[in-house]
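Trainee: Structure: my_file-v4.cif, mmCIF, C-alpha atoms.
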data_start
#
loop_
_atom_site.label_atom_id
_atom_site.label_comp_id
_atom_site.auth_asym_id
_atom_site.auth_seq_id
_atom_site.Cartn_x
_atom_site.Cartn_y
_atom_site.Cartn_z
CA ALA P 7 68.25 133.31 124.51
CA ASP P 8 67.03 132.53 121.02
CA VAL P 9 68.38 129.37 119.51
CA ASP P 10 69.03 129.36 115.78
CA ILE P 11 67.68 125.99 114.67
CA LYS P 12 68.65 125.17 111.11
CA PHE P 13 66.75 122.61 109.13
CA PRO P 14 68.48 120.62 106.37
CA LEU P 15 67.38 121.42 102.85
CA PRO P 16 68.29 119.80 99.52
CA GLY P 17 70.67 121.63 97.21
CA SER P 18 74.10 119.99 97.29
CA GLU P 19 74.07 118.99 93.63
CA LYS P 20 72.92 122.48 92.68
CA MET P 21 75.60 124.23 94.76
CA ILE P 22 78.53 122.39 93.17
CA ASN P 23 77.74 124.13 89.87
CA THR P 24 78.43 127.50 91.54
CA MET P 25 81.74 126.50 93.15
CA VAL P 26 85.23 127.18 91.87
CA GLY P 27 86.93 124.05 90.59
CA ALA P 28 85.02 123.19 87.43
CA ASP P 29 88.12 123.46 85.25
CA VAL P 30 88.40 123.38 81.48
CA GLU P 31 90.81 120.43 81.37
CA ILE P 32 88.25 117.89 82.57
CA GLY P 33 84.55 117.78 81.83
CA ASP P 34 84.63 120.72 79.41
CA GLY P 35 84.04 123.19 82.23
CA ALA P 36 81.48 121.03 84.05
CA PRO P 37 82.09 119.79 87.61
CA TRP P 38 84.09 116.56 87.59
CA ASP P 39 82.34 114.16 89.97
CA PRO P 40 82.45 110.65 88.46
CA LEU P 41 81.44 108.95 91.72
CA GLY P 42 78.59 111.35 92.40
CA PHE P 43 79.68 112.53 95.85
CA SER P 44 77.91 115.85 95.35
CA LYS P 45 74.62 113.99 94.86
CA LEU P 46 74.79 111.92 98.04
CA TYR P 47 73.49 114.65 100.34
CA ASP P 48 70.31 115.10 98.32
CA ARG P 49 69.73 111.35 98.52
CA ASN P 50 69.34 111.71 102.30
CA PHE P 51 65.87 113.12 101.69
CA ASP P 52 64.92 110.09 99.60
CA PHE P 53 65.51 107.77 102.57
CA ASN P 54 64.47 108.92 106.03
CA ASN P 55 65.78 112.51 106.27
CA VAL P 56 68.71 111.41 108.38
CA MET P 57 71.74 113.41 107.25
CA VAL P 58 74.12 110.48 106.77
CA TYR P 59 75.89 111.89 103.72
CA PRO P 60 77.59 115.31 103.82
CA HIS P 61 76.75 118.39 101.77
CA VAL P 62 79.17 119.43 99.03
CA GLN P 63 80.00 122.49 101.14
CA TRP P 64 81.53 120.22 103.78
CA LEU P 65 83.35 118.22 101.11
CA ARG P 66 84.92 121.38 99.63
CA GLU P 67 86.00 122.57 103.10
CA ALA P 68 87.67 119.20 103.70
CA GLU P 69 89.30 119.23 100.27
CA LEU P 70 90.81 122.69 100.76
CA LYS P 71 92.04 121.86 104.25
CA HIS P 72 93.71 118.63 103.16
CA GLY P 73 95.20 120.37 100.14
CA ARG P 74 96.74 123.12 102.27
CA VAL P 75 98.15 120.63 104.75
CA CYS P 76 99.65 118.53 101.96
CA MET P 77 101.22 121.56 100.27
CA LEU P 78 103.03 122.35 103.53
CA ALA P 79 103.88 118.69 104.08
CA PHE P 80 105.27 118.17 100.58
CA VAL P 81 107.53 121.22 100.82
CA GLY P 82 108.66 120.14 104.29
CA MET P 83 109.46 116.59 103.22
CA ILE P 84 111.53 117.73 100.25
CA VAL P 85 113.31 120.70 101.85
CA GLN P 86 114.25 118.98 105.10
CA SER P 87 115.87 116.15 103.18
CA ALA P 88 118.55 118.66 102.15
CA VAL P 89 118.38 121.48 104.73
CA GLN P 90 118.13 121.15 108.51
CA ILE P 91 118.04 123.74 111.28
CA PRO P 92 121.53 124.30 112.75
CA GLY P 93 121.87 123.13 116.33
CA LEU P 94 119.18 120.48 116.06
CA PRO P 95 119.62 116.81 115.16
CA ALA P 96 119.96 116.49 111.39
CA GLU P 97 117.52 113.89 110.13
CA PRO P 98 116.87 113.97 106.38
CA ASP P 99 114.48 111.01 106.51
CA TRP P 100 110.99 112.45 107.06
CA SER P 101 109.70 109.16 108.49
CA LYS P 102 112.07 109.46 111.47
CA THR P 103 111.68 113.15 112.27
CA TRP P 104 108.97 112.64 114.90
CA GLU P 105 111.16 110.39 117.04
CA VAL P 106 114.16 112.67 116.56
CA MET P 107 112.27 115.83 117.48
CA PHE P 108 110.48 114.28 120.44
CA TYR P 109 113.22 112.14 121.96
CA GLU P 110 116.58 113.47 120.79
CA SER P 111 116.25 117.24 120.43
CA GLY P 112 115.23 117.88 124.04
CA GLN P 113 112.88 120.66 125.06
CA VAL P 114 113.44 122.62 121.85
CA GLY P 115 111.83 119.94 119.71
CA GLN P 116 109.14 119.10 122.25
CA LEU P 117 108.12 122.74 122.68
CA SER P 118 108.06 123.18 118.91
CA LEU P 119 105.64 120.27 118.55
CA LEU P 120 103.55 121.66 121.39
CA GLN P 121 103.45 125.07 119.73
CA ILE P 122 102.28 123.56 116.44
CA SER P 123 99.62 121.49 118.22
CA ILE P 124 98.23 124.48 120.13
CA PHE P 125 98.13 126.58 116.97
CA ALA P 126 96.30 123.84 115.08
CA MET P 127 93.76 123.41 117.90
CA PHE P 128 93.16 127.17 118.01
CA MET P 129 92.61 127.40 114.27
CA GLU P 130 90.32 124.37 114.23
CA GLY P 131 88.26 125.82 117.06
CA LYS P 132 88.01 129.34 115.68
CA PHE P 133 87.17 128.31 112.11
CA TYR P 134 85.17 125.20 112.85
CA PRO P 135 82.94 124.52 109.80
CA GLU P 136 79.70 124.55 111.74
CA ASP P 137 76.64 123.52 109.74
CA ALA P 138 78.75 122.76 106.66
CA TRP P 139 77.49 119.17 106.84
CA ILE P 140 74.01 120.43 105.95
CA GLY P 141 75.25 123.17 103.60
CA GLN P 142 74.45 126.14 105.83
CA MET P 143 77.89 127.34 106.91
CA LYS P 144 78.09 131.10 107.40
CA ARG P 145 81.30 131.50 105.39
CA GLU P 146 82.58 130.21 102.11
CA PRO P 147 84.48 126.89 102.30
CA GLY P 148 88.14 127.54 102.99
CA ASP P 149 87.66 131.27 103.60
CA LEU P 150 89.52 131.98 106.85
CA GLY P 151 89.97 135.67 106.15
CA PHE P 152 93.74 135.20 106.11
CA ASP P 153 95.31 137.72 103.74
CA PRO P 154 98.17 139.48 105.60
CA LEU P 155 99.74 140.83 102.39
CA LYS P 156 96.38 142.19 101.13
CA TRP P 157 96.70 140.42 97.76
CA SER P 158 92.94 140.42 97.29
CA LYS P 159 92.83 144.22 97.67
CA ARG P 160 95.25 144.92 94.84
CA PRO P 161 93.93 146.29 91.54
CA GLY P 162 93.27 143.66 88.92
CA PHE P 163 93.38 140.77 91.38
CA ASP P 164 91.40 137.79 90.05
CA LEU P 165 89.99 136.01 93.10
CA LYS P 166 88.40 133.15 91.17
CA LYS P 167 91.65 132.42 89.33
CA SER P 168 93.63 132.38 92.58
CA GLN P 169 91.08 130.10 94.23
CA LEU P 170 91.26 127.69 91.31
CA SER P 171 95.07 127.77 91.43
CA GLU P 172 95.07 126.95 95.14
CA LEU P 173 92.60 124.13 94.61
CA LYS P 174 94.61 122.55 91.80
CA ASN P 175 97.92 122.87 93.63
CA GLY P 176 96.33 121.35 96.72
CA ARG P 177 95.07 118.39 94.73
CA LEU P 178 98.49 117.91 93.17
CA ALA P 179 100.13 118.12 96.61
CA MET P 180 97.80 115.44 97.99
CA ILE P 181 98.85 113.13 95.17
CA GLY P 182 102.51 114.05 95.76
CA VAL P 183 102.39 113.29 99.49
CA ALA P 184 100.55 110.04 98.83
CA SER P 185 103.26 109.05 96.35
CA ILE P 186 105.99 109.73 98.93
CA PHE P 187 104.18 107.55 101.47
CA ALA P 188 103.68 104.82 98.86
CA ASN P 189 107.34 104.85 97.87
CA HIS P 190 108.37 104.72 101.52
CA ALA P 191 106.20 101.63 102.10
CA ILE P 192 107.10 99.99 98.78
CA PRO P 193 110.47 101.31 97.52
CA GLY P 194 110.49 101.72 93.77
CA SER P 195 106.70 101.87 93.46
CA VAL P 196 106.80 105.49 92.26
CA PRO P 197 108.87 106.15 89.10
CA PHE P 198 111.77 108.62 89.40
CA LEU P 199 111.20 109.11 93.14
CA THR P 200 113.47 106.41 94.52
CA GLY P 201 116.65 107.75 93.01
CA PHE P 202 115.82 111.40 93.61
CA TYR P 203 114.40 111.64 97.09
CA ALA P 204 113.58 108.33 98.69
CA THR P 205 117.17 107.06 98.89
CA LYS P 206 117.74 106.00 102.47
CA PRO P 207 120.01 108.37 104.46
CA GLU P 208 122.11 105.38 105.54
CA LYS P 209 122.91 104.58 101.91
CA ALA P 210 123.70 108.21 101.17
CA GLN P 211 126.11 108.34 104.12
CA ALA P 212 127.72 105.09 103.09
CA GLY P 213 128.25 106.41 99.58
CA ALA P 214 129.71 109.64 100.89
CA SER P 215 132.16 107.82 103.15
CA SER P 216 133.48 105.68 100.29
CA SER P 217 134.41 108.75 98.25
CA ALA P 218 135.32 111.13 101.06
CA LEU P 219 138.51 113.11 100.64
CA CYS P 220 141.20 113.39 103.26
CA GLY P 221 140.19 115.67 106.09
CA LYS P 222 136.45 115.10 105.81
CA THR P 223 134.46 113.78 108.72
CA ALA P 224 133.81 110.08 108.45
CA ALA P 225 130.23 109.03 108.00
CA LYS P 226 128.36 107.33 110.81
CA PRO P 227 128.31 103.53 110.68
CA VAL P 228 125.35 102.07 108.87
CA VAL P 229 122.85 100.62 111.30
CA ALA P 230 119.99 98.54 109.99
CA SER P 231 116.59 99.89 110.90
CA LYS P 232 114.32 97.93 113.19
CA THR P 233 111.94 97.28 110.31
CA ALA P 234 114.71 95.93 108.09
CA ALA P 235 116.00 93.73 110.91
CA ARG P 236 112.56 92.21 111.46
CA TYR P 237 111.84 91.41 107.85
CA THR P 238 115.08 90.00 106.49
CA THR P 239 115.10 86.63 104.73
CA GLN P 240 117.08 85.13 107.60
CA VAL P 241 114.15 85.91 109.89
CA ILE P 242 111.22 85.24 107.58
CA LEU P 243 112.27 81.99 105.90
CA PRO P 244 112.94 79.97 109.09
CA ALA P 245 109.56 81.11 110.38
CA LEU P 246 107.89 79.45 107.40
CA GLN P 247 109.41 76.01 107.96
CA TRP P 248 106.14 74.76 109.42
CA ILE P 249 104.72 74.81 105.88
CA LYS P 250 107.02 71.88 105.03
CA THR P 251 106.69 69.87 108.22
CA GLY P 252 103.08 70.72 109.01
CA LEU P 253 101.66 71.92 112.26
CA LYS P 254 102.35 69.73 115.26
#
Before we go any further, please render this structure as structure tokens.
Mentor:
Amino acid sequence: ADVDIKFPLPGSEKMINTMVGADVEIGDGAPWDPLGFSKLYDRNFDFNNVMVYPHVQWLREAELKHGRVCMLAFVGMIVQSAVQIPGLPAEPDWSKTWEVMFYESGQVGQLSLLQISIFAMFMEGKFYPEDAWIGQMKREPGDLGFDPLKWSKRPGFDLKKSQLSELKNGRLAMIGVASIFANHAIPGSVPFLTGFYATKPEKAQAGASSSALCGKTAAKPVVASKTAARYTTQVILPALQWIKTGLK
């Protein structure tokens, strides 16, 4: 059988000028690439022709994929803090959902995670961005042919505008998810987020129990998390006593 051998060719910096994403808000319509990532691939040919740095085609595929994942993740983090599936353990704290689904919800949660994993592996295998690293992928970055509602076939549909909208929303979602992670690690590090979303469920339950009317179900007792128990001042300060006395 014939083997299609593809040889790397320069052109990453040239291709970025033809891609969607050069918006009018930044750079006056020119591609915004302050760190010069789109130029790295072409520098491979200035060294020893070893393709160490990826082509901009691979970078755009990665950007779209991460943006789509973060759009789903951001919606999931926010929605599940207020709405949970009936019959399954209610856990509004996104950081604890893995343990709850895997250990407390039984086979329903475990099979759900297995289903998601199999679907992700199938999609990654079917739409693997082969040769995107050298800029010779057979499809456009992010184009999986998924259009069940046939939006692109409707009269007057602006494909470029929709692609730009998806790209921008994906970038915003990546920043949003990163901010949620940052505020979880360092409470109060993201303005307006602590009071709106990142309030611990234990505190919310404690507040609800203090103002509960007669006949309402009492809130569960507040149990300190393992992380909080490990890093309290009663634990940390005694461990630092050797600073005073010196090592013996």
Trainee: For CA of Ser185 in chain P and CA of Ser101 in chain P, quote the distance in Å rounded to one decimal.
Mentor: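 Spanning CA of Ser185 in chain P to CA of Ser101 in chain P is a straight-line distance of 13.7 Å.
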Trainee: Let me know the residues the PyMOL selection byres ((chain P and resi 103-114) around 12) catches in the file above, as a list in words.
Mentor: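 Listing what the PyMOL selection byres ((chain P and resi 103-114) around 12) selects in the shown file: Gly82, Met83, Gln86, Ser87, Gln90, Ile91, Pro92, Gly93, Leu94, Pro95, Ala96, Glu97, Pro98, Asp99, Trp100, Ser101, Lys102, Gly115, Gln116, Leu117, Ser118, Leu119, Leu120 and Gln121 of chain P.
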Trainee: I'd like the neighbourhood of Phe187 in chain P as a VMD selection string, where a residue qualifies if any of its atoms comes within 12 Å (using only C-alpha atoms), though same-chain residues fewer than 5 positions away should be ignored.
Mentor: chain P and resid 76 79 to 80 83 99 to 101 180 to 182 192 to 196 199 to 200 203 to 204
Trainee: Using Å and a single decimal, report how far CA of Gly27 in chain P sits from CA of Leu170 in chain P.
Mentor: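 Rounded to one decimal, the two atoms are 5.7 Å apart.
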Trainee: Just checking: using all atoms listed in the file, which residue out of P:Leu41, P:Leu150, P:Leu173, P:Val62 ends up closest to Ile22 in chain P?
Mentor: P:Val62
Trainee: Please tell me which residues are no farther than 10 Å from (76.0, 121.1, 94.5) in the file, counting only C-alpha atoms, and write them as a list in words.
Mentor: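 Nearby residues: Pro16, Gly17, Ser18, Glu19, Lys20, Met21, Ile22, Asn23, Thr24, Met25, Pro37, Phe43, Ser44, Lys45, Leu46, Tyr47, Asp48, His61, Val62, Gln63 and Gly141 of chain P.
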Trainee: Counting all atoms listed in the file, note down every residue that has an atom within 6 Å of the point (73.5, 118.7, 105.4) (file coordinates), as a ChimeraX atom specification.
Mentor: /P:14,57,60-61,139-141
Trainee: Between CA of Phe51 in chain P and CA of Leu15 in chain P, measure the distance and give it in Å to one decimal.
Mentor: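 So the answer is 8.5 Å.
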Trainee: Kindly output range 149-165 of chain P as a PDB file, in the frame of the given file, after building N, CA, C and O atoms.
Mentor:
ATOM      1  N   ASP P 149      87.437 129.832 103.401  1.00  0.00           N
ATOM      2  CA  ASP P 149      87.660 131.270 103.600  1.00  0.00           C
ATOM      3  C   ASP P 149      87.883 131.541 105.088  1.00  0.00           C
ATOM      4  O   ASP P 149      86.941 131.639 105.863  1.00  0.00           O
ATOM      5  N   LEU P 150      89.153 131.692 105.456  1.00  0.00           N
ATOM      6  CA  LEU P 150      89.520 131.980 106.850  1.00  0.00           C
ATOM      7  C   LEU P 150      89.820 133.448 107.067  1.00  0.00           C
ATOM      8  O   LEU P 150      90.199 133.851 108.167  1.00  0.00           O
ATOM      9  N   GLY P 151      89.680 134.250 106.026  1.00  0.00           N
ATOM     10  CA  GLY P 151      89.970 135.670 106.150  1.00  0.00           C
ATOM     11  C   GLY P 151      91.441 135.971 106.328  1.00  0.00           C
ATOM     12  O   GLY P 151      91.806 137.036 106.835  1.00  0.00           O
ATOM     13  N   PHE P 152      92.298 135.045 105.908  1.00  0.00           N
ATOM     14  CA  PHE P 152      93.740 135.200 106.110  1.00  0.00           C
ATOM     15  C   PHE P 152      94.352 135.779 104.830  1.00  0.00           C
ATOM     16  O   PHE P 152      94.505 135.088 103.827  1.00  0.00           O
ATOM     17  N   ASP P 153      94.687 137.047 104.876  1.00  0.00           N
ATOM     18  CA  ASP P 153      95.310 137.720 103.740  1.00  0.00           C
ATOM     19  C   ASP P 153      96.217 138.828 104.264  1.00  0.00           C
ATOM     20  O   ASP P 153      95.951 140.024 104.071  1.00  0.00           O
ATOM     21  N   PRO P 154      97.314 138.463 104.950  1.00  0.00           N
ATOM     22  CA  PRO P 154      98.170 139.480 105.600  1.00  0.00           C
ATOM     23  C   PRO P 154      98.839 140.431 104.612  1.00  0.00           C
ATOM     24  O   PRO P 154      99.139 141.571 104.968  1.00  0.00           O
ATOM     25  N   LEU P 155      99.078 139.975 103.385  1.00  0.00           N
ATOM     26  CA  LEU P 155      99.740 140.830 102.390  1.00  0.00           C
ATOM     27  C   LEU P 155      98.740 141.603 101.535  1.00  0.00           C
ATOM     28  O   LEU P 155      99.153 142.340 100.624  1.00  0.00           O
ATOM     29  N   LYS P 156      97.444 141.454 101.822  1.00  0.00           N
ATOM     30  CA  LYS P 156      96.380 142.190 101.130  1.00  0.00           C
ATOM     31  C   LYS P 156      96.423 141.965  99.612  1.00  0.00           C
ATOM     32  O   LYS P 156      96.212 142.889  98.823  1.00  0.00           O
ATOM     33  N   TRP P 157      96.685 140.716  99.194  1.00  0.00           N
ATOM     34  CA  TRP P 157      96.700 140.420  97.760  1.00  0.00           C
ATOM     35  C   TRP P 157      95.336 140.658  97.133  1.00  0.00           C
ATOM     36  O   TRP P 157      95.233 141.142  95.995  1.00  0.00           O
ATOM     37  N   SER P 158      94.286 140.300  97.856  1.00  0.00           N
ATOM     38  CA  SER P 158      92.940 140.420  97.290  1.00  0.00           C
ATOM     39  C   SER P 158      92.500 141.868  97.126  1.00  0.00           C
ATOM     40  O   SER P 158      91.515 142.141  96.424  1.00  0.00           O
ATOM     41  N   LYS P 159      93.201 142.807  97.759  1.00  0.00           N
ATOM     42  CA  LYS P 159      92.830 144.220  97.670  1.00  0.00           C
ATOM     43  C   LYS P 159      93.545 144.943  96.538  1.00  0.00           C
ATOM     44  O   LYS P 159      93.252 146.110  96.256  1.00  0.00           O
ATOM     45  N   ARG P 160      94.479 144.266  95.893  1.00  0.00           N
ATOM     46  CA  ARG P 160      95.250 144.920  94.840  1.00  0.00           C
ATOM     47  C   ARG P 160      94.439 145.032  93.555  1.00  0.00           C
ATOM     48  O   ARG P 160      93.607 144.179  93.254  1.00  0.00           O
ATOM     49  N   PRO P 161      94.678 146.109  92.791  1.00  0.00           N
ATOM     50  CA  PRO P 161      93.930 146.290  91.540  1.00  0.00           C
ATOM     51  C   PRO P 161      94.188 145.151  90.549  1.00  0.00           C
ATOM     52  O   PRO P 161      95.310 144.697  90.395  1.00  0.00           O
ATOM     53  N   GLY P 162      93.148 144.711  89.922  1.00  0.00           N
ATOM     54  CA  GLY P 162      93.270 143.660  88.920  1.00  0.00           C
ATOM     55  C   GLY P 162      93.398 142.257  89.479  1.00  0.00           C
ATOM     56  O   GLY P 162      93.657 141.313  88.713  1.00  0.00           O
ATOM     57  N   PHE P 163      93.243 142.109  90.781  1.00  0.00           N
ATOM     58  CA  PHE P 163      93.380 140.770  91.380  1.00  0.00           C
ATOM     59  C   PHE P 163      92.183 139.914  91.003  1.00  0.00           C
ATOM     60  O   PHE P 163      91.029 140.309  91.174  1.00  0.00           O
ATOM     61  N   ASP P 164      92.452 138.723  90.474  1.00  0.00           N
ATOM     62  CA  ASP P 164      91.400 137.790  90.050  1.00  0.00           C
ATOM     63  C   ASP P 164      91.234 136.738  91.150  1.00  0.00           C
ATOM     64  O   ASP P 164      92.011 135.782  91.240  1.00  0.00           O
ATOM     65  N   LEU P 165      90.210 136.907  91.965  1.00  0.00           N
ATOM     66  CA  LEU P 165      89.990 136.010  93.100  1.00  0.00           C
ATOM     67  C   LEU P 165      89.663 134.602  92.637  1.00  0.00           C
ATOM     68  O   LEU P 165      90.186 133.618  93.176  1.00  0.00           O
TER      69      LEU P 165
END
